[in-house]
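Student: Next comes the structure file input07.tsv, holding TSV, C-alpha atoms.
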chain	number	residue	atom	x	y	z
S	1	ALA	CA	-53.00	76.79	115.85
S	2	GLY	CA	-51.25	73.61	116.97
S	3	GLU	CA	-49.98	72.78	120.43
S	4	PRO	CA	-47.12	74.99	121.61
S	5	PRO	CA	-43.80	73.14	121.27
S	6	ILE	CA	-42.61	71.33	124.40
S	7	PRO	CA	-39.74	73.38	125.83
S	8	LEU	CA	-36.42	71.58	125.55
S	9	GLN	CA	-34.81	70.51	128.81
S	10	PRO	CA	-31.70	72.56	129.57
S	11	LEU	CA	-28.29	70.95	129.32
S	12	LYS	CA	-26.83	71.00	132.82
S	13	VAL	CA	-23.12	71.73	132.78
S	14	LEU	CA	-20.61	71.69	135.64
S	15	LEU	CA	-17.42	73.64	134.89
S	16	ILE	CA	-14.44	72.72	137.08
S	17	GLY	CA	-11.49	75.03	136.67
S	18	ASN	CA	-9.47	78.04	137.76
S	19	SER	CA	-9.04	81.73	136.92
S	20	GLN	CA	-9.26	81.00	133.18
S	21	CYS	CA	-13.02	80.50	133.67
S	22	PRO	CA	-14.79	83.16	135.81
S	23	THR	CA	-15.90	85.40	132.91
S	24	ILE	CA	-17.58	82.43	131.19
S	25	VAL	CA	-19.69	81.87	134.32
S	26	SER	CA	-20.24	85.43	135.60
S	27	ASN	CA	-21.17	86.84	132.16
S	28	GLN	CA	-23.32	83.77	131.36
S	29	LEU	CA	-21.58	83.49	128.00
S	30	LEU	CA	-22.71	79.89	127.39
S	31	GLU	CA	-26.29	80.57	128.48
S	32	LYS	CA	-26.49	83.53	126.09
S	33	LEU	CA	-25.07	81.57	123.16
S	34	ALA	CA	-27.72	78.89	123.79
S	35	GLU	CA	-30.54	81.45	124.11
S	36	SER	CA	-29.64	82.94	120.73
S	37	ASP	CA	-29.50	79.52	118.97
S	38	LYS	CA	-32.98	79.02	117.55
S	39	GLY	CA	-32.89	75.22	117.35
S	40	GLY	CA	-30.71	74.62	120.38
S	41	ARG	CA	-31.35	73.61	123.97
S	42	PRO	CA	-30.97	76.04	126.86
S	43	ILE	CA	-27.84	75.61	128.96
S	44	LYS	CA	-27.41	75.99	132.71
S	45	VAL	CA	-23.85	76.31	133.99
S	46	LYS	CA	-22.56	75.88	137.52
S	47	GLY	CA	-18.90	76.57	138.23
S	48	VAL	CA	-16.47	75.13	140.75
S	49	ILE	CA	-13.83	77.76	140.07
S	50	LYS	CA	-10.78	78.38	142.26
S	51	GLY	CA	-7.91	80.69	141.31
S	52	GLY	CA	-4.69	78.76	140.72
S	53	ALA	CA	-6.42	75.39	140.97
S	54	SER	CA	-5.25	72.31	139.09
S	55	LEU	CA	-7.26	69.13	138.65
S	56	ARG	CA	-5.00	67.67	141.30
S	57	SER	CA	-5.82	70.39	143.85
S	58	HIS	CA	-9.53	70.11	143.01
S	59	TRP	CA	-9.28	66.35	143.64
S	60	GLU	CA	-7.34	66.79	146.88
S	61	ALA	CA	-9.90	69.31	148.17
S	62	GLY	CA	-12.01	66.29	149.18
S	63	THR	CA	-15.69	65.55	148.78
S	64	GLY	CA	-17.49	68.37	150.62
S	65	PRO	CA	-20.73	69.65	149.07
S	66	GLU	CA	-19.05	72.64	147.36
S	67	SER	CA	-15.99	70.67	146.15
S	68	ALA	CA	-15.57	69.43	142.59
S	69	ARG	CA	-15.96	65.81	143.67
S	70	GLY	CA	-18.96	66.62	145.84
S	71	MET	CA	-20.66	68.52	143.03
S	72	ILE	CA	-20.04	65.70	140.53
S	73	ALA	CA	-21.39	63.13	142.97
S	74	SER	CA	-24.64	65.08	143.32
S	75	GLY	CA	-25.16	63.44	139.96
S	76	SER	CA	-27.52	65.70	138.04
S	77	TRP	CA	-25.18	66.88	135.25
S	78	ASP	CA	-25.26	66.23	131.53
S	79	TYR	CA	-21.66	67.37	131.09
S	80	VAL	CA	-18.72	67.97	133.40
S	81	VAL	CA	-16.02	70.18	131.87
S	82	LEU	CA	-12.53	69.74	133.35
S	83	GLN	CA	-9.96	72.53	133.01
S	84	ASP	CA	-6.42	72.13	134.35
S	85	ILE	CA	-3.85	74.84	135.08
S	86	TYR	CA	-1.91	76.28	132.12
S	87	ASN	CA	1.52	74.97	133.22
S	88	VAL	CA	0.42	71.42	134.08
S	89	GLU	CA	2.74	68.62	132.99
S	90	GLU	CA	1.72	65.16	131.83
S	91	ALA	CA	2.59	63.46	135.14
S	92	ALA	CA	0.21	65.72	137.07
S	93	PHE	CA	-2.50	65.94	134.39
S	94	GLN	CA	-3.05	62.34	133.38
S	95	PRO	CA	-3.84	60.62	136.71
S	96	TYR	CA	-6.33	63.29	137.77
S	97	ALA	CA	-8.03	63.51	134.39
S	98	ARG	CA	-8.50	59.71	134.62
S	99	ARG	CA	-9.81	59.82	138.20
S	100	PHE	CA	-12.26	62.61	137.49
S	101	HIS	CA	-13.43	60.84	134.34
S	102	GLU	CA	-14.16	57.62	136.28
S	103	LEU	CA	-16.15	59.59	138.86
S	104	ILE	CA	-18.08	61.47	136.16
S	105	LYS	CA	-18.83	58.25	134.25
S	106	GLU	CA	-20.30	56.65	137.39
S	107	THR	CA	-22.90	59.43	137.60
S	108	GLY	CA	-23.92	59.01	133.95
S	109	ALA	CA	-22.57	62.41	132.89
S	110	GLN	CA	-20.22	63.06	129.95
S	111	THR	CA	-16.66	64.28	130.54
S	112	VAL	CA	-15.33	67.16	128.44
S	113	LEU	CA	-11.65	68.15	128.66
S	114	PHE	CA	-11.06	71.89	128.27
S	115	GLY	CA	-7.55	72.77	127.09
S	116	THR	CA	-7.17	76.53	127.49
S	117	ALA	CA	-4.56	78.81	126.00
S	118	SER	CA	-1.37	79.26	127.97
S	119	ILE	CA	-0.02	82.61	129.18
S	120	LEU	CA	1.20	84.92	126.44
S	121	SER	CA	4.85	84.75	127.53
S	122	ASP	CA	4.61	80.98	126.92
S	123	TYR	CA	3.51	81.41	123.28
S	124	PRO	CA	3.68	79.25	121.20
S	125	HIS	CA	5.25	76.32	123.06
S	126	GLY	CA	2.91	76.26	126.08
S	127	PHE	CA	-0.09	76.34	123.74
S	128	GLU	CA	1.28	73.38	121.77
S	129	ARG	CA	1.94	71.43	124.96
S	130	LEU	CA	-1.63	71.94	126.23
S	131	HIS	CA	-2.98	70.88	122.84
S	132	ARG	CA	-0.93	67.65	122.85
S	133	LEU	CA	-1.81	66.78	126.46
S	134	HIS	CA	-5.53	67.16	125.81
S	135	VAL	CA	-5.64	65.35	122.46
S	136	THR	CA	-3.72	62.40	123.94
S	137	MET	CA	-6.04	62.19	126.94
S	138	GLY	CA	-9.16	62.74	124.82
S	139	LYS	CA	-8.16	59.75	122.69
S	140	GLU	CA	-7.36	57.61	125.73
S	141	LEU	CA	-10.63	58.33	127.53
S	142	GLY	CA	-12.76	58.59	124.39
S	143	VAL	CA	-14.05	62.04	125.37
S	144	PRO	CA	-14.37	65.32	123.46
S	145	ILE	CA	-11.97	68.19	124.06
S	146	VAL	CA	-12.33	71.95	123.82
S	147	ASP	CA	-9.12	72.65	121.93
S	148	ALA	CA	-8.90	76.35	122.76
S	149	SER	CA	-5.11	76.64	122.50
S	150	GLN	CA	-5.41	75.66	118.82
S	151	ALA	CA	-8.42	77.93	118.30
S	152	TYR	CA	-6.25	80.81	119.59
S	153	PHE	CA	-3.58	79.86	117.01
S	154	ARG	CA	-6.21	79.77	114.28
S	155	TYR	CA	-7.53	83.19	115.26
S	156	PHE	CA	-4.02	84.68	115.49
S	157	GLY	CA	-3.05	83.56	111.96
S	158	ASP	CA	0.47	82.96	110.66
S	159	LYS	CA	2.43	86.05	111.73
S	160	PRO	CA	0.28	87.82	114.30
S	161	SER	CA	1.12	91.33	115.46
S	162	ILE	CA	1.61	91.87	119.19
S	163	GLU	CA	-1.76	93.74	119.18
S	164	ARG	CA	-3.50	90.68	117.77
S	165	LEU	CA	-1.84	88.39	120.32
S	166	GLU	CA	-2.74	90.70	123.19
S	167	SER	CA	-6.34	91.12	121.98
S	168	LEU	CA	-7.45	87.77	123.46
S	169	PHE	CA	-5.82	88.41	126.85
S	170	ALA	CA	-6.55	90.53	129.87
S	171	LYS	CA	-4.06	93.29	130.69
S	172	ASP	CA	-1.96	90.78	132.68
S	173	ARG	CA	-1.32	88.81	129.43
S	174	ALA	CA	-2.06	85.62	131.37
S	175	HIS	CA	-5.84	85.39	131.68
S	176	PRO	CA	-8.37	85.61	128.86
S	177	GLY	CA	-9.95	88.99	128.28
S	178	LEU	CA	-13.54	89.26	127.10
S	179	TRP	CA	-12.58	88.23	123.55
S	180	GLY	CA	-10.62	85.21	124.77
S	181	SER	CA	-13.39	84.19	127.18
S	182	TYR	CA	-15.89	84.43	124.33
S	183	LEU	CA	-13.65	82.27	122.14
S	184	TYR	CA	-13.51	79.72	124.99
S	185	SER	CA	-17.30	79.82	125.29
S	186	CYS	CA	-17.85	79.30	121.57
S	187	GLY	CA	-15.51	76.31	121.73
S	188	ILE	CA	-17.31	74.80	124.72
S	189	TYR	CA	-20.67	75.44	123.06
S	190	SER	CA	-19.58	73.62	119.90
S	191	VAL	CA	-18.44	70.58	121.91
S	192	LEU	CA	-21.57	70.44	124.09
S	193	THR	CA	-24.05	70.81	121.23
S	194	GLU	CA	-22.13	69.91	118.03
S	195	ARG	CA	-23.77	73.09	116.69
S	196	SER	CA	-22.03	76.05	115.10
S	197	PRO	CA	-21.66	79.25	117.13
S	198	VAL	CA	-21.39	81.29	113.90
S	199	GLY	CA	-24.08	83.97	113.93
S	200	LEU	CA	-24.99	83.54	117.60
S	201	ALA	CA	-25.06	86.29	120.22
S	202	ALA	CA	-21.87	88.01	121.31
S	203	PRO	CA	-21.36	90.33	124.29
S	204	GLU	CA	-21.48	94.07	123.82
S	205	GLY	CA	-17.88	95.14	123.69
S	206	ILE	CA	-16.95	92.70	120.93
S	207	PRO	CA	-17.20	94.30	117.47
S	208	VAL	CA	-19.39	92.34	115.04
S	209	ASP	CA	-16.53	91.43	112.68
S	210	ILE	CA	-14.34	90.25	115.58
S	211	ALA	CA	-17.19	88.15	117.04
S	212	LYS	CA	-17.68	86.49	113.65
S	213	SER	CA	-13.97	85.75	113.34
S	214	LEU	CA	-13.86	84.26	116.88
S	215	GLN	CA	-16.93	82.12	116.12
S	216	GLU	CA	-15.52	80.90	112.81
S	217	SER	CA	-12.11	80.11	114.33
S	218	THR	CA	-13.62	77.99	117.08
S	219	TRP	CA	-16.07	76.17	114.82
S	220	ALA	CA	-13.34	75.28	112.31
S	221	GLN	CA	-11.11	74.13	115.19
S	222	PHE	CA	-13.91	72.07	116.74
S	223	GLN	CA	-14.37	70.19	113.45
S	224	GLU	CA	-10.65	69.61	112.97
S	225	THR	CA	-10.10	68.39	116.54
S	226	ALA	CA	-13.19	66.16	116.53
S	227	ALA	CA	-11.86	64.50	113.36
S	228	ALA	CA	-8.39	64.10	114.91
S	229	LEU	CA	-9.86	62.40	117.99
S	230	LYS	CA	-11.53	59.77	115.80
S	231	LYS	CA	-8.26	58.74	114.13
Can you dump the structure from the file as structure tokens?
Tutor:
Amino acid sequence: AGEPPIPLQPLKVLLIGNSQCPTIVSNQLLEKLAESDKGGRPIKVKGVIKGGASLRSHWEAGTGPESARGMIASGSWDYVVLQDIYNVEEAAFQPYARRFHELIKETGAQTVLFGTASILSDYPHGFERLHRLHVTMGKELGVPIVDASQAYFRYFGDKPSIERLESLFAKDRAHPGLWGSYLYSCGIYSVLTERSPVGLAAPEGIPVDIAKSLQESTWAQFQETAAALKK
């Protein structure tokens, strides 16, 4: 028998966001995707998650050890994922995305912009706005984006029933449910690793056919968005 393979160093990921994100962190959705990916690296995620937070409010919270800026400055991350609030407008999004990106770059980490879905009552226009904001900023900064609003569209299909629309949301129709959080996680995983989530682990509570459809939607969207960012 040969030497045992050297274990791959985990990717260290800092997720800065709001109440769109807790399930990703608390259910270790990214860690479990990575564990189930035979050729992939492990992932370790730390969240700076505050309900109702925007990138602006995260920035204005200062530089204490538990703040977004403080955590970035500790400087041991491979990726920092930035998620702004669903109703953010360009004037509030752009300056803070730029500032955070400069700070992240100084530490040698890679910025990822995470464009979530909007609230269901804002479908489809809020989703389209978040997509445009993130693609524009991704091109400007030269960073990858998790284009989850478009992945939701792809999963919904052309004329989705209200049941299909509601299936990705929590009961409040504003936050992601388990299915939506899993779709987010597959999208983040694709961006961090450039590997397909198709066939990887899904939480109990997501039927096998649904999990496959969520995985395929996010992987197809990842490829389309990555190509669009290069144009």
Student: With only C-alpha atoms as the basis for distance, which of S:Gly157, S:Ser190, S:Val45, S:Phe127 is at the shortest distance from Asn27 (chain S)?
Tutor: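 The answer is S:Val45, which sits nearest to Asn27 (chain S).
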Student: Looking at S:Arg56, S:Ser149, S:Ile206, S:Pro42, which one is nearest to Val88 (chain S), with distances taken over all atoms listed in the file?
Tutor: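 Going through S:Arg56, S:Ser149, S:Ile206, S:Pro42 one by one, the smallest distance to Val88 (chain S) is for S:Arg56.
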Student: Between S:Phe93, S:Trp219, S:Phe100, S:Phe156, which is the closest to Ser185 (chain S) once you count only C-alpha atoms?
Tutor: S:Trp219
Student: As an exercise, work out the distance from CA of Gly126 (chain S) to CA of Pro176 (chain S) in Å and give it to one decimal place.
Tutor: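 About the pair CA of Gly126 (chain S) and CA of Pro176 (chain S): they are 14.9 Å apart.
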Student: Distance CA of Gly47 (chain S)-CA of Leu14 (chain S), one decimal place?
Tutor: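 Distance reported for this atom pair: 5.8 Å.
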Student: Which of these residues is nearest to Ile6 (chain S), using all atoms listed in the file: S:Arg41, S:Lys32, S:Ser19, S:His134?
Tutor: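 Answer, going by the shortest atom-to-atom distance: S:Arg41.
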Student: Would you pick out the contacts of Glu31 (chain S) at 7 Å or less, using only C-alpha atoms, so that residues sharing its chain but fewer than 3 positions from it are not included, and give the list as a list in words?
Tutor: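 The filter keeps Gln28, Ala34, Glu35, Pro42, Ile43 and Lys44 of chain S.
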Student: Rounded to one decimal in Å, what is the spacing between CA of Ser121 (chain S) and CA of Lys171 (chain S)?
Tutor: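 Taking CA of Ser121 (chain S) and CA of Lys171 (chain S), their separation equals 12.7 Å.
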Student: Find the residues near Tyr79 (chain S): any atom within 7 Å, counting all atoms listed in the file, skip ones fewer than 6 places away on the same chain, and give them as a PyMOL selection string.
Tutor: chain S and resi 12-14+109-112
Student: Write out, as a compact mmCIF listing (two decimals), in the frame of the given file, the residues just selected, with C-alpha atoms.
Tutor:
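This went into result.txt:
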# COMPACT_ATOMS: atom_id res chain seq x y z
CA LYS S 12 -26.83 71.00 132.82
CA VAL S 13 -23.12 71.73 132.78
CA LEU S 14 -20.61 71.69 135.64
CA ALA S 109 -22.57 62.41 132.89
CA GLN S 110 -20.22 63.06 129.95
CA THR S 111 -16.66 64.28 130.54
CA VAL S 112 -15.33 67.16 128.44
Student: Could you name the residues that touch Gly40 (chain S) at 9 Å or less, counting only C-alpha atoms, but leaving out those on the same chain fewer than 3 positions away, as a CSV table (one decimal) with C-alpha atoms, in the coordinates of the input?
Tutor:
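And here is the file that came out, part02.csv:
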chain,number,residue,atom,x,y,z
S,8,LEU,CA,-36.4,71.6,125.6
S,34,ALA,CA,-27.7,78.9,123.8
S,35,GLU,CA,-30.5,81.4,124.1
S,36,SER,CA,-29.6,82.9,120.7
S,37,ASP,CA,-29.5,79.5,119.0
S,193,THR,CA,-24.0,70.8,121.2
S,195,ARG,CA,-23.8,73.1,116.7
Student: For Leu82 (chain S), work out the shell of residues within 7 Å, counting all atoms listed in the file and skipping chain neighbours fewer than 6 positions away, then give it as number ranges by chain.
Tutor: S: 15-17, 112-114
Student: Give as an NGL selection string the set of residues within 9 Å of the point (1.2, 77.1, 123.6), where distances use the file's coordinates and only C-alpha atoms.
Tutor: :S and (117-120 or 122-131 or 149-150 or 153)
Student: Hey, could you pull the box centre and edge lengths for region 13-24 of chain S, axis-aligned, 3 Å padding per side, all listed atoms, to one decimal in Å, as lines of an AutoDock Vina configuration file?
Tutor:
center_x = -16.1
center_y = 78.5
center_z = 134.5
size_x = 20.1
size_y = 19.7
size_z = 12.6
